[in-house]
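J.: The structure file start34.pdb (PDB, C-alpha atoms and all ligand atoms) is provided below.
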```
ATOM      1  CA  MET A   1      -0.035  16.739  -9.460  1.00  0.00           C
ATOM      2  CA  GLU A   2      -0.046  15.445  -5.958  1.00  0.00           C
ATOM      3  CA  LYS A   3      -3.414  16.235  -4.537  1.00  0.00           C
ATOM      4  CA  ALA A   4      -5.930  15.968  -7.375  1.00  0.00           C
ATOM      5  CA  ARG A   5      -8.644  13.390  -6.987  1.00  0.00           C
ATOM      6  CA  VAL A   6      -9.665  12.134 -10.406  1.00  0.00           C
ATOM      7  CA  SER A   7     -13.130  10.825 -11.287  1.00  0.00           C
ATOM      8  CA  VAL A   8     -14.752   9.679 -14.517  1.00  0.00           C
ATOM      9  CA  LEU A   9     -18.192  10.420 -15.895  1.00  0.00           C
ATOM     10  CA  ARG A  10     -19.456   7.970 -18.492  1.00  0.00           C
ATOM     11  CA  LEU A  11     -22.325   9.503 -20.491  1.00  0.00           C
ATOM     12  CA  GLY A  12     -25.292   7.627 -21.941  1.00  0.00           C
ATOM     13  CA  HIS A  13     -24.790   4.036 -20.764  1.00  0.00           C
ATOM     14  CA  ARG A  14     -27.136   1.568 -22.515  1.00  0.00           C
ATOM     15  CA  ARG A  15     -27.862  -1.457 -20.318  1.00  0.00           C
ATOM     16  CA  ILE A  16     -27.603  -4.114 -22.999  1.00  0.00           C
ATOM     17  CA  ARG A  17     -25.341  -2.672 -25.675  1.00  0.00           C
ATOM     18  CA  ASP A  18     -22.752  -1.059 -23.391  1.00  0.00           C
ATOM     19  CA  GLN A  19     -22.496  -3.611 -20.600  1.00  0.00           C
ATOM     20  CA  ARG A  20     -18.968  -4.710 -21.521  1.00  0.00           C
ATOM     21  CA  LEU A  21     -17.630  -1.323 -22.562  1.00  0.00           C
ATOM     22  CA  SER A  22     -18.918   0.455 -19.462  1.00  0.00           C
ATOM     23  CA  THR A  23     -17.534  -2.331 -17.264  1.00  0.00           C
ATOM     24  CA  HIS A  24     -14.142  -1.818 -18.885  1.00  0.00           C
ATOM     25  CA  ILE A  25     -14.359   1.932 -18.266  1.00  0.00           C
ATOM     26  CA  GLY A  26     -15.006   1.144 -14.601  1.00  0.00           C
ATOM     27  CA  LEU A  27     -12.127  -1.322 -14.429  1.00  0.00           C
ATOM     28  CA  THR A  28      -9.740   1.117 -16.076  1.00  0.00           C
ATOM     29  CA  ALA A  29     -10.748   3.719 -13.504  1.00  0.00           C
ATOM     30  CA  ALA A  30     -10.256   1.138 -10.740  1.00  0.00           C
ATOM     31  CA  LEU A  31      -6.818   0.182 -12.086  1.00  0.00           C
ATOM     32  CA  PHE A  32      -5.747   3.798 -11.476  1.00  0.00           C
ATOM     33  CA  ASN A  33      -7.614   3.827  -8.169  1.00  0.00           C
ATOM     34  CA  LEU A  34      -9.707   6.848  -9.178  1.00  0.00           C
ATOM     35  CA  LYS A  35     -12.124   8.380  -6.723  1.00  0.00           C
ATOM     36  CA  MET A  36     -15.439   7.761  -8.535  1.00  0.00           C
ATOM     37  CA  VAL A  37     -16.966   6.438 -11.708  1.00  0.00           C
ATOM     38  CA  TYR A  38     -20.241   8.223 -12.392  1.00  0.00           C
ATOM     39  CA  TYR A  39     -22.465   7.061 -15.196  1.00  0.00           C
ATOM     40  CA  SER A  40     -25.658   8.320 -16.810  1.00  0.00           C
ATOM     41  CA  GLY A  41     -28.154   6.794 -19.226  1.00  0.00           C
ATOM     42  CA  ASP A  42     -29.701   3.530 -18.034  1.00  0.00           C
ATOM     43  CA  HIS A  43     -29.382   2.648 -14.390  1.00  0.00           C
ATOM     44  CA  ASP A  44     -27.663  -0.764 -14.329  1.00  0.00           C
ATOM     45  CA  GLN A  45     -27.286  -2.767 -11.139  1.00  0.00           C
ATOM     46  CA  ASN A  46     -25.276  -5.489 -12.936  1.00  0.00           C
ATOM     47  CA  LEU A  47     -22.699  -2.936 -14.018  1.00  0.00           C
ATOM     48  CA  GLU A  48     -22.376  -1.620 -10.469  1.00  0.00           C
ATOM     49  CA  ASP A  49     -22.160  -5.138  -9.012  1.00  0.00           C
ATOM     50  CA  SER A  50     -19.454  -6.268 -11.393  1.00  0.00           C
ATOM     51  CA  ILE A  51     -17.250  -3.230 -10.697  1.00  0.00           C
ATOM     52  CA  HIS A  52     -17.842  -3.605  -6.978  1.00  0.00           C
ATOM     53  CA  SER A  53     -16.964  -7.295  -6.982  1.00  0.00           C
ATOM     54  CA  VAL A  54     -13.658  -6.732  -8.836  1.00  0.00           C
ATOM     55  CA  THR A  55     -12.589  -3.767  -6.698  1.00  0.00           C
ATOM     56  CA  LYS A  56     -13.385  -5.676  -3.520  1.00  0.00           C
ATOM     57  CA  LYS A  57     -11.414  -8.762  -4.539  1.00  0.00           C
ATOM     58  CA  TRP A  58      -8.466  -7.130  -6.258  1.00  0.00           C
ATOM     59  CA  GLY A  59      -8.087  -4.014  -4.124  1.00  0.00           C
ATOM     60  CA  SER A  60      -9.214  -0.594  -5.359  1.00  0.00           C
ATOM     61  CA  THR A  61     -11.128   2.133  -3.583  1.00  0.00           C
ATOM     62  CA  THR A  62     -12.889   3.339  -6.757  1.00  0.00           C
ATOM     63  CA  ARG A  63     -16.666   3.568  -6.345  1.00  0.00           C
ATOM     64  CA  ILE A  64     -19.375   3.615  -8.992  1.00  0.00           C
ATOM     65  CA  LEU A  65     -22.481   5.792  -8.810  1.00  0.00           C
ATOM     66  CA  TYR A  66     -25.390   6.463 -11.158  1.00  0.00           C
ATOM     67  CA  THR A  67     -26.372  10.052 -11.950  1.00  0.00           C
ATOM     68  CA  GLU A  68     -29.608  11.227 -13.526  1.00  0.00           C
ATOM     69  CA  THR A  69     -28.208  14.726 -13.989  1.00  0.00           C
ATOM     70  CA  PRO A  70     -24.795  14.416 -15.675  1.00  0.00           C
ATOM     71  CA  PHE A  71     -24.851  17.905 -17.195  1.00  0.00           C
ATOM     72  CA  LYS A  72     -25.709  19.571 -13.897  1.00  0.00           C
ATOM     73  CA  MET A  73     -22.910  17.534 -12.303  1.00  0.00           C
ATOM     74  CA  THR A  74     -20.467  18.706 -14.975  1.00  0.00           C
ATOM     75  CA  LYS A  75     -21.509  22.358 -14.684  1.00  0.00           C
ATOM     76  CA  GLU A  76     -21.320  22.376 -10.911  1.00  0.00           C
ATOM     77  CA  PHE A  77     -18.154  20.261 -10.590  1.00  0.00           C
ATOM     78  CA  GLN A  78     -15.680  21.822  -8.160  1.00  0.00           C
ATOM     79  CA  GLY A  79     -12.494  21.324 -10.146  1.00  0.00           C
ATOM     80  CA  THR A  80     -11.372  20.901 -13.745  1.00  0.00           C
ATOM     81  CA  THR A  81     -13.585  19.156 -16.301  1.00  0.00           C
ATOM     82  CA  VAL A  82     -11.980  17.409 -19.289  1.00  0.00           C
ATOM     83  CA  HIS A  83     -14.138  15.900 -22.031  1.00  0.00           C
ATOM     84  CA  LEU A  84     -12.386  13.266 -24.148  1.00  0.00           C
ATOM     85  CA  THR A  85     -13.319  13.632 -27.778  1.00  0.00           C
ATOM     86  CA  MET A  86     -11.513  13.365 -31.077  1.00  0.00           C
ATOM     87  CA  TYR A  87     -12.679  16.944 -31.778  1.00  0.00           C
ATOM     88  CA  GLY A  88     -10.630  18.377 -28.905  1.00  0.00           C
ATOM     89  CA  ALA A  89      -7.109  19.770 -28.630  1.00  0.00           C
ATOM     90  CA  PRO A  90      -4.300  17.166 -28.557  1.00  0.00           C
ATOM     91  CA  HIS A  91      -3.843  15.428 -25.227  1.00  0.00           C
ATOM     92  CA  HIS A  92      -0.112  16.179 -25.109  1.00  0.00           C
ATOM     93  CA  GLU A  93      -1.071  19.867 -24.921  1.00  0.00           C
ATOM     94  CA  VAL A  94      -4.151  19.609 -22.694  1.00  0.00           C
ATOM     95  CA  ILE A  95      -2.767  17.302 -20.013  1.00  0.00           C
ATOM     96  CA  PRO A  96       0.323  19.409 -19.151  1.00  0.00           C
ATOM     97  CA  GLN A  97      -1.999  22.441 -18.906  1.00  0.00           C
ATOM     98  CA  VAL A  98      -4.222  20.597 -16.439  1.00  0.00           C
ATOM     99  CA  GLN A  99      -1.179  19.378 -14.501  1.00  0.00           C
ATOM    100  CA  ASN A 100       0.087  22.944 -14.322  1.00  0.00           C
ATOM    101  CA  GLU A 101      -3.174  24.158 -12.851  1.00  0.00           C
ATOM    102  CA  ASP A 102      -2.849  21.434 -10.215  1.00  0.00           C
ATOM    103  CA  PRO A 103      -6.595  21.361  -9.445  1.00  0.00           C
ATOM    104  CA  GLU A 104      -8.080  19.771  -6.327  1.00  0.00           C
ATOM    105  CA  ALA A 105     -10.289  17.555  -8.468  1.00  0.00           C
ATOM    106  CA  ILE A 106     -10.555  16.461 -12.094  1.00  0.00           C
ATOM    107  CA  LEU A 107     -13.582  15.040 -13.881  1.00  0.00           C
ATOM    108  CA  LEU A 108     -12.786  13.132 -17.087  1.00  0.00           C
ATOM    109  CA  ILE A 109     -15.866  12.749 -19.265  1.00  0.00           C
ATOM    110  CA  VAL A 110     -16.229  10.028 -21.879  1.00  0.00           C
ATOM    111  CA  GLY A 111     -19.062   9.739 -24.304  1.00  0.00           C
ATOM    112  CA  GLY A 112     -21.418   7.143 -25.462  1.00  0.00           C
ATOM    113  CA  ALA A 113     -23.347   7.053 -28.686  1.00  0.00           C
ATOM    114  CA  LYS A 114     -23.853  10.795 -29.190  1.00  0.00           C
ATOM    115  CA  VAL A 115     -22.538  13.487 -26.899  1.00  0.00           C
ATOM    116  CA  PRO A 116     -24.798  16.577 -26.922  1.00  0.00           C
ATOM    117  CA  ALA A 117     -23.237  19.830 -28.176  1.00  0.00           C
ATOM    118  CA  GLN A 118     -23.800  21.505 -24.799  1.00  0.00           C
ATOM    119  CA  VAL A 119     -21.139  19.251 -23.223  1.00  0.00           C
ATOM    120  CA  TYR A 120     -18.443  20.652 -25.536  1.00  0.00           C
ATOM    121  CA  LYS A 121     -19.317  24.159 -24.365  1.00  0.00           C
ATOM    122  CA  MET A 122     -19.672  23.565 -20.628  1.00  0.00           C
ATOM    123  CA  VAL A 123     -16.346  21.779 -19.991  1.00  0.00           C
ATOM    124  CA  ASP A 124     -12.987  23.395 -19.267  1.00  0.00           C
ATOM    125  CA  TYR A 125     -11.204  21.313 -21.906  1.00  0.00           C
ATOM    126  CA  ASN A 126     -12.103  19.158 -24.899  1.00  0.00           C
ATOM    127  CA  CYS A 127      -9.201  16.755 -25.236  1.00  0.00           C
ATOM    128  CA  ALA A 128      -8.388  14.460 -28.165  1.00  0.00           C
ATOM    129  CA  VAL A 129      -6.250  11.362 -27.965  1.00  0.00           C
ATOM    130  CA  GLY A 130      -5.366  11.356 -31.636  1.00  0.00           C
ATOM    131  CA  TYR A 131      -7.578  12.527 -34.453  1.00  0.00           C
ATOM    132  CA  PHE A 132      -9.034   9.115 -35.083  1.00  0.00           C
ATOM    133  CA  PRO A 133     -12.211   7.593 -33.631  1.00  0.00           C
ATOM    134  CA  HIS A 134     -11.362   4.735 -31.273  1.00  0.00           C
ATOM    135  CA  SER A 135     -12.965   3.943 -27.950  1.00  0.00           C
ATOM    136  CA  GLU A 136     -13.824   5.464 -24.609  1.00  0.00           C
ATOM    137  CA  VAL A 137     -11.705   2.809 -22.887  1.00  0.00           C
ATOM    138  CA  SER A 138      -8.536   3.472 -24.887  1.00  0.00           C
ATOM    139  CA  ALA A 139      -9.020   7.263 -24.671  1.00  0.00           C
ATOM    140  CA  LEU A 140      -9.467   7.003 -20.909  1.00  0.00           C
ATOM    141  CA  ALA A 141      -6.513   4.656 -20.358  1.00  0.00           C
ATOM    142  CA  LEU A 142      -4.097   6.774 -22.394  1.00  0.00           C
ATOM    143  CA  THR A 143      -5.253   9.978 -20.694  1.00  0.00           C
ATOM    144  CA  LEU A 144      -4.926   8.482 -17.220  1.00  0.00           C
ATOM    145  CA  TYR A 145      -1.473   7.125 -17.969  1.00  0.00           C
ATOM    146  CA  GLU A 146      -0.327  10.524 -19.227  1.00  0.00           C
ATOM    147  CA  LEU A 147      -1.935  12.307 -16.274  1.00  0.00           C
ATOM    148  CA  LEU A 148      -1.041   9.980 -13.392  1.00  0.00           C
ATOM    149  CA  GLY A 149       1.808   7.786 -14.687  1.00  0.00           C
ATOM    150  CA  ASN A 150       2.744   4.318 -13.534  1.00  0.00           C
ATOM    151  CA  ASP A 151       2.489   4.599  -9.767  1.00  0.00           C
ATOM    152  CA  PRO A 152      -1.244   4.080  -9.182  1.00  0.00           C
ATOM    153  CA  ILE A 153      -1.243   1.060 -11.488  1.00  0.00           C
ATOM    154  CA  TYR A 154       1.034  -0.923  -9.206  1.00  0.00           C
ATOM    155  CA  THR A 155      -0.118   0.468  -5.871  1.00  0.00           C
ATOM    156  CA  LYS A 156      -2.848  -1.818  -4.612  1.00  0.00           C
ATOM    157  CA  ASP A 157      -4.660  -2.281  -1.352  1.00  0.00           C
ATOM    158  CA  PRO A 158      -2.546  -4.668   0.770  1.00  0.00           C
ATOM    159  CA  LYS A 159      -5.763  -6.120   2.237  1.00  0.00           C
ATOM    160  CA  ALA A 160      -7.044  -7.282  -1.165  1.00  0.00           C
ATOM    161  CA  SER A 161      -7.863 -10.988  -1.186  1.00  0.00           C
ATOM    162  CA  MET A 162      -6.567 -11.500  -4.734  1.00  0.00           C
ATOM    163  CA  LYS A 163      -3.023 -10.429  -5.506  1.00  0.00           C
ATOM    164  CA  LEU A 164      -0.621 -10.943  -8.362  1.00  0.00           C
ATOM    165  CA  ARG A 165       2.959 -10.011  -7.944  1.00  0.00           C
ATOM    166  CA  GLY A 166       4.353 -11.019 -11.329  1.00  0.00           C
ATOM    167  CA  GLY A 167       6.928 -13.758 -11.385  1.00  0.00           C
ATOM    168  CA  GLU A 168       8.173 -16.929 -12.944  1.00  0.00           C
ATOM    169  CA  LYS A 169       4.775 -18.451 -13.692  1.00  0.00           C
ATOM    170  CA  GLY A 170       3.900 -15.555 -15.941  1.00  0.00           C
ATOM    171  CA  TRP A 171       7.286 -15.365 -17.635  1.00  0.00           C
ATOM    172  CA  GLY A 172       8.073 -15.906 -21.302  1.00  0.00           C
ATOM    173  CA  ARG A 173      10.999 -17.885 -22.703  1.00  0.00           C
ATOM    174  CA  LYS A 174      13.462 -14.985 -22.899  1.00  0.00           C
ATOM    175  CA  GLN A 175      12.680 -13.933 -19.314  1.00  0.00           C
ATOM    176  CA  GLN A 176      13.180 -17.478 -18.036  1.00  0.00           C
ATOM    177  CA  HIS A 177      16.409 -17.800 -19.993  1.00  0.00           C
ATOM    178  CA  LYS A 178      17.691 -14.516 -18.527  1.00  0.00           C
ATOM    179  CA  GLN A 179      16.827 -15.740 -15.034  1.00  0.00           C
ATOM    180  CA  GLN A 180      18.614 -19.071 -15.621  1.00  0.00           C
ATOM    181  CA  GLU A 181      21.694 -17.255 -16.929  1.00  0.00           C
ATOM    182  CA  GLU A 182      21.712 -15.020 -13.863  1.00  0.00           C
ATOM    183  CA  GLU A 183      21.488 -18.038 -11.560  1.00  0.00           C
ATOM    184  CA  LYS A 184      24.482 -19.796 -13.165  1.00  0.00           C
TER     185      LYS A 184
HETATM  186  C1  LIG A 201     -17.710   5.685 -30.156  1.00  0.00           C
HETATM  187  S1  LIG A 201     -16.664   6.963 -29.610  1.00  0.00           S
HETATM  188  C2  LIG A 201     -17.323   8.282 -30.507  1.00  0.00           C
HETATM  189  C3  LIG A 201     -16.262   9.128 -31.178  1.00  0.00           C
HETATM  190  C4  LIG A 201     -16.712  10.592 -31.149  1.00  0.00           C
HETATM  191  N1  LIG A 201     -17.287  11.020 -32.361  1.00  0.00           N
HETATM  192  C5  LIG A 201     -15.778  11.570 -30.441  1.00  0.00           C
HETATM  193  O1  LIG A 201     -16.243  12.658 -30.128  1.00  0.00           O
HETATM  194  O2  LIG A 201     -14.630  11.260 -30.070  1.00  0.00           O
HETATM  195  C6  LIG A 201     -17.232   7.147 -27.947  1.00  0.00           C
HETATM  196  C7  LIG A 201     -16.314   7.953 -27.042  1.00  0.00           C
HETATM  197  O3  LIG A 201     -14.971   7.508 -27.143  1.00  0.00           O
HETATM  198  C8  LIG A 201     -14.082   8.577 -26.829  1.00  0.00           C
HETATM  199  N2  LIG A 201     -13.135   8.739 -27.953  1.00  0.00           N
HETATM  200  C9  LIG A 201     -13.130   8.049 -29.100  1.00  0.00           C
HETATM  201  N3  LIG A 201     -12.128   8.440 -29.892  1.00  0.00           N
HETATM  202  C10 LIG A 201     -11.464   9.416 -29.228  1.00  0.00           C
HETATM  203  C11 LIG A 201     -10.331  10.204 -29.515  1.00  0.00           C
HETATM  204  N4  LIG A 201      -9.653  10.108 -30.658  1.00  0.00           N
HETATM  205  N5  LIG A 201      -9.911  11.084 -28.575  1.00  0.00           N
HETATM  206  C12 LIG A 201     -10.570  11.209 -27.399  1.00  0.00           C
HETATM  207  N6  LIG A 201     -11.663  10.487 -27.085  1.00  0.00           N
HETATM  208  C13 LIG A 201     -12.103   9.602 -27.973  1.00  0.00           C
HETATM  209  C14 LIG A 201     -14.956   9.815 -26.617  1.00  0.00           C
HETATM  210  O4  LIG A 201     -15.141  10.037 -25.234  1.00  0.00           O
HETATM  211  C15 LIG A 201     -16.254   9.428 -27.317  1.00  0.00           C
HETATM  212  O5  LIG A 201     -17.363  10.111 -26.815  1.00  0.00           O
END
```
Could I get this structure in the form of structure tokens?
Ligand SMILES: C[S@@+](CC[C@H](N)C(=O)[O-])C[C@H]1O[C@@H](n2cnc3c(N)ncnc32)[C@H](O)[C@@H]1O

T.:
Amino acid sequence: MEKARVSVLRLGHRRIRDQRLSTHIGLTAALFNLKMVYYSGDHDQNLEDSIHSVTKKWGSTTRILYTETPFKMTKEFQGTTVHLTMYGAPHHEVIPQVQNEDPEAILLIVGGAKVPAQVYKMVDYNCAVGYFPHSEVSALALTLYELLGNDPIYTKDPKASMKLRGGEKGWGRKQQHKQQEEEK
């Protein structure tokens, strides 16, 4: 799946209750360097600012945009639409199907409090990540990992002002011991 540009649509954001959860959806999308995070519900400048400030500092081209018309956007989306819900087909079946189609663009939709029935009918796929209710962040992260793999996670903008490379400072005892043994 070389060419697909993946975006996320977060439905029904509530400014006070969902601040943290929606921020984490945005950061998960930014970790995979997705094209866009769209959100509906309450317009929330703080949410947009916090995603923008992290992507700017840490290097990600993901952008966040509010939409007043999420269902129109879903219906008219030029590409494949995948709604994450525990009522869908298992992700290990849906994701290979999507990869096989190799679409130009993919819109992953995650819910909020209550996703209207029309969404289930208008999307190309309803996709479950286990038949257990968990969270939009975990469903999104697992789906993205299965869809895109490791590469985008470690590919960051070289111009980012904040960078972590991983190394001795972050190592645990066994890693340090291994390193010391190797240096002997
Ligand atoms: C609080 S949960 C609500 C769970 C919901 N009844 C459902 O349809 O999955 C909010 C969002 O998390 C995501 N989610 C939660 N559990 C999921 C699962 N097992 N598989 C896929 N998505 C899930 C869905 O996008 C859902 O709209």

J.: Please find the residues contacting ligand LIG 201 (chain A) at a distance of at most 7 Å between atoms, with all atoms listed in the file counted, and report them as a PDB file with C-alpha atoms, keeping the file's coordinate frame.

T.:
```
ATOM      1  CA  HIS A  83     -14.138  15.900 -22.031  1.00  0.00           C
ATOM      2  CA  LEU A  84     -12.386  13.266 -24.148  1.00  0.00           C
ATOM      3  CA  THR A  85     -13.319  13.632 -27.778  1.00  0.00           C
ATOM      4  CA  MET A  86     -11.513  13.365 -31.077  1.00  0.00           C
ATOM      5  CA  TYR A  87     -12.679  16.944 -31.778  1.00  0.00           C
ATOM      6  CA  ILE A 109     -15.866  12.749 -19.265  1.00  0.00           C
ATOM      7  CA  VAL A 110     -16.229  10.028 -21.879  1.00  0.00           C
ATOM      8  CA  GLY A 111     -19.062   9.739 -24.304  1.00  0.00           C
ATOM      9  CA  GLY A 112     -21.418   7.143 -25.462  1.00  0.00           C
ATOM     10  CA  ALA A 113     -23.347   7.053 -28.686  1.00  0.00           C
ATOM     11  CA  LYS A 114     -23.853  10.795 -29.190  1.00  0.00           C
ATOM     12  CA  VAL A 115     -22.538  13.487 -26.899  1.00  0.00           C
ATOM     13  CA  CYS A 127      -9.201  16.755 -25.236  1.00  0.00           C
ATOM     14  CA  ALA A 128      -8.388  14.460 -28.165  1.00  0.00           C
ATOM     15  CA  VAL A 129      -6.250  11.362 -27.965  1.00  0.00           C
ATOM     16  CA  GLY A 130      -5.366  11.356 -31.636  1.00  0.00           C
ATOM     17  CA  TYR A 131      -7.578  12.527 -34.453  1.00  0.00           C
ATOM     18  CA  PHE A 132      -9.034   9.115 -35.083  1.00  0.00           C
ATOM     19  CA  PRO A 133     -12.211   7.593 -33.631  1.00  0.00           C
ATOM     20  CA  HIS A 134     -11.362   4.735 -31.273  1.00  0.00           C
ATOM     21  CA  SER A 135     -12.965   3.943 -27.950  1.00  0.00           C
ATOM     22  CA  GLU A 136     -13.824   5.464 -24.609  1.00  0.00           C
ATOM     23  CA  ALA A 139      -9.020   7.263 -24.671  1.00  0.00           C
TER      24      ALA A 139
END
```

J.: Rounded to one decimal, what separation in Å do you get between CA of Ile64 in chain A and CA of Ala117 in chain A?

T.: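 That distance, rounded to one decimal, is 25.4 Å.
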
J.: Please identify all polymer residues within 9 Å of Glu48 in chain A, counting only C-alpha atoms, omitting same-chain residues fewer than 5 positions from it, and present them as a PyMOL selection string.

T.: chain A and resi 23+26+53+63-66

J.: Write to file, as a CSV table (one decimal), in the frame of the given file, the residues of the selection just made, with C-alpha atoms.

T.:
```csv
chain,number,residue,atom,x,y,z
A,23,THR,CA,-17.5,-2.3,-17.3
A,26,GLY,CA,-15.0,1.1,-14.6
A,53,SER,CA,-17.0,-7.3,-7.0
A,63,ARG,CA,-16.7,3.6,-6.3
A,64,ILE,CA,-19.4,3.6,-9.0
A,65,LEU,CA,-22.5,5.8,-8.8
A,66,TYR,CA,-25.4,6.5,-11.2
```

J.: Take CA of Thr74 in chain A and CA of Asn126 in chain A and report the distance between them in Å, one decimal.

T.: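 Those two atoms sit 13.0 Å apart.
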
J.: Quick one: residues within 10 Å of Pro116 in chain A, all atoms listed in the file, excluding same-chain residues fewer than 4 positions away - as number ranges by chain?

T.: A: 11, 71, 111, 120-121

J.: Of the candidates A:His92, A:Lys57, A:Arg173, A:Lys75, which shows the shortest atom-to-atom distance to Ala160 in chain A, using only C-alpha atoms?

T.: A:Lys57

J.: What is the CA of Gln118 in chain A-CA of Ile25 in chain A distance in Å, reported with one decimal?

T.: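 Value for the CA of Gln118 in chain A-CA of Ile25 in chain A distance: 22.7 Å.
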
J.: For a quick check of understanding, using only C-alpha atoms, which of A:Thr62, A:Leu107, A:Met36, A:Leu9 has the smallest distance to Lys156 in chain A?

T.: A:Thr62

J.: So which one's closest to His24 in chain A, A:Val54, A:Leu144, A:Ala89, A:Val137? Using only C-alpha atoms, please.

T.: A:Val137

J.: From the list A:Val123, A:Ala30, A:Lys35, A:Ser60, which residue is nearest Glu76 in chain A when using only C-alpha atoms?

T.: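 With only C-alpha atoms as the atom set, the closest residue is A:Val123.
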
J.: Enumerate, as a PyMOL selection string, the residues matched when the PyMOL selection byres (((chain A and resi 147-150) around 9) and not hetatm) is run on the file above.

T.: chain A and resi 1+32+95-96+98-99+142-146+151-154

J.: Scan for residues within 12 Å of the point (-25.0, -1.1, -21.6) in the coordinates of the file, using all atoms listed in the file, and reply as a ChimeraX atom specification.

T.: /A:10-25,39-48,112-113

J.: Compare A:Leu27, A:Ala141, A:Met73, A:Ile106 by their minimum atom-to-atom distance to Trp58 in chain A, counting only C-alpha atoms, and give me the closest one.

T.: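 When distances to Trp58 in chain A are compared using only C-alpha atoms, the smallest one comes from A:Leu27.
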
J.: Show me the residues around (-4.1, -9.0, -0.3) - criterion: an atom at most 12 Å away, only C-alpha atoms counted - as a list of chain:residue names.

T.: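 Those within range, by chain then number, are A:Thr55, A:Lys56, A:Lys57, A:Trp58, A:Gly59, A:Ser60, A:Thr155, A:Lys156, A:Asp157, A:Pro158, A:Lys159, A:Ala160, A:Ser161, A:Met162, A:Lys163, A:Leu164, A:Arg165.
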
J.: Save out the residues we just selected, C-alpha atoms, as a PDB file, keeping the file's coordinate frame.

T.:
```pdb
ATOM      1  CA  THR A  55     -12.589  -3.767  -6.698  1.00  0.00           C
ATOM      2  CA  LYS A  56     -13.385  -5.676  -3.520  1.00  0.00           C
ATOM      3  CA  LYS A  57     -11.414  -8.762  -4.539  1.00  0.00           C
ATOM      4  CA  TRP A  58      -8.466  -7.130  -6.258  1.00  0.00           C
ATOM      5  CA  GLY A  59      -8.087  -4.014  -4.124  1.00  0.00           C
ATOM      6  CA  SER A  60      -9.214  -0.594  -5.359  1.00  0.00           C
ATOM      7  CA  THR A 155      -0.118   0.468  -5.871  1.00  0.00           C
ATOM      8  CA  LYS A 156      -2.848  -1.818  -4.612  1.00  0.00           C
ATOM      9  CA  ASP A 157      -4.660  -2.281  -1.352  1.00  0.00           C
ATOM     10  CA  PRO A 158      -2.546  -4.668   0.770  1.00  0.00           C
ATOM     11  CA  LYS A 159      -5.763  -6.120   2.237  1.00  0.00           C
ATOM     12  CA  ALA A 160      -7.044  -7.282  -1.165  1.00  0.00           C
ATOM     13  CA  SER A 161      -7.863 -10.988  -1.186  1.00  0.00           C
ATOM     14  CA  MET A 162      -6.567 -11.500  -4.734  1.00  0.00           C
ATOM     15  CA  LYS A 163      -3.023 -10.429  -5.506  1.00  0.00           C
ATOM     16  CA  LEU A 164      -0.621 -10.943  -8.362  1.00  0.00           C
ATOM     17  CA  ARG A 165       2.959 -10.011  -7.944  1.00  0.00           C
TER      18      ARG A 165
END
```

J.: Give the centre and edge lengths of an axis-aligned box, in Å to one decimal, that holds all listed atoms of range 61-69 of chain A with 3 Å on each side, as AutoDock Vina command-line options.

T.:
```
--center_x -20.4 --center_y 8.4 --center_z -8.8 --size_x 24.5 --size_y 18.6 --size_z 16.4
```
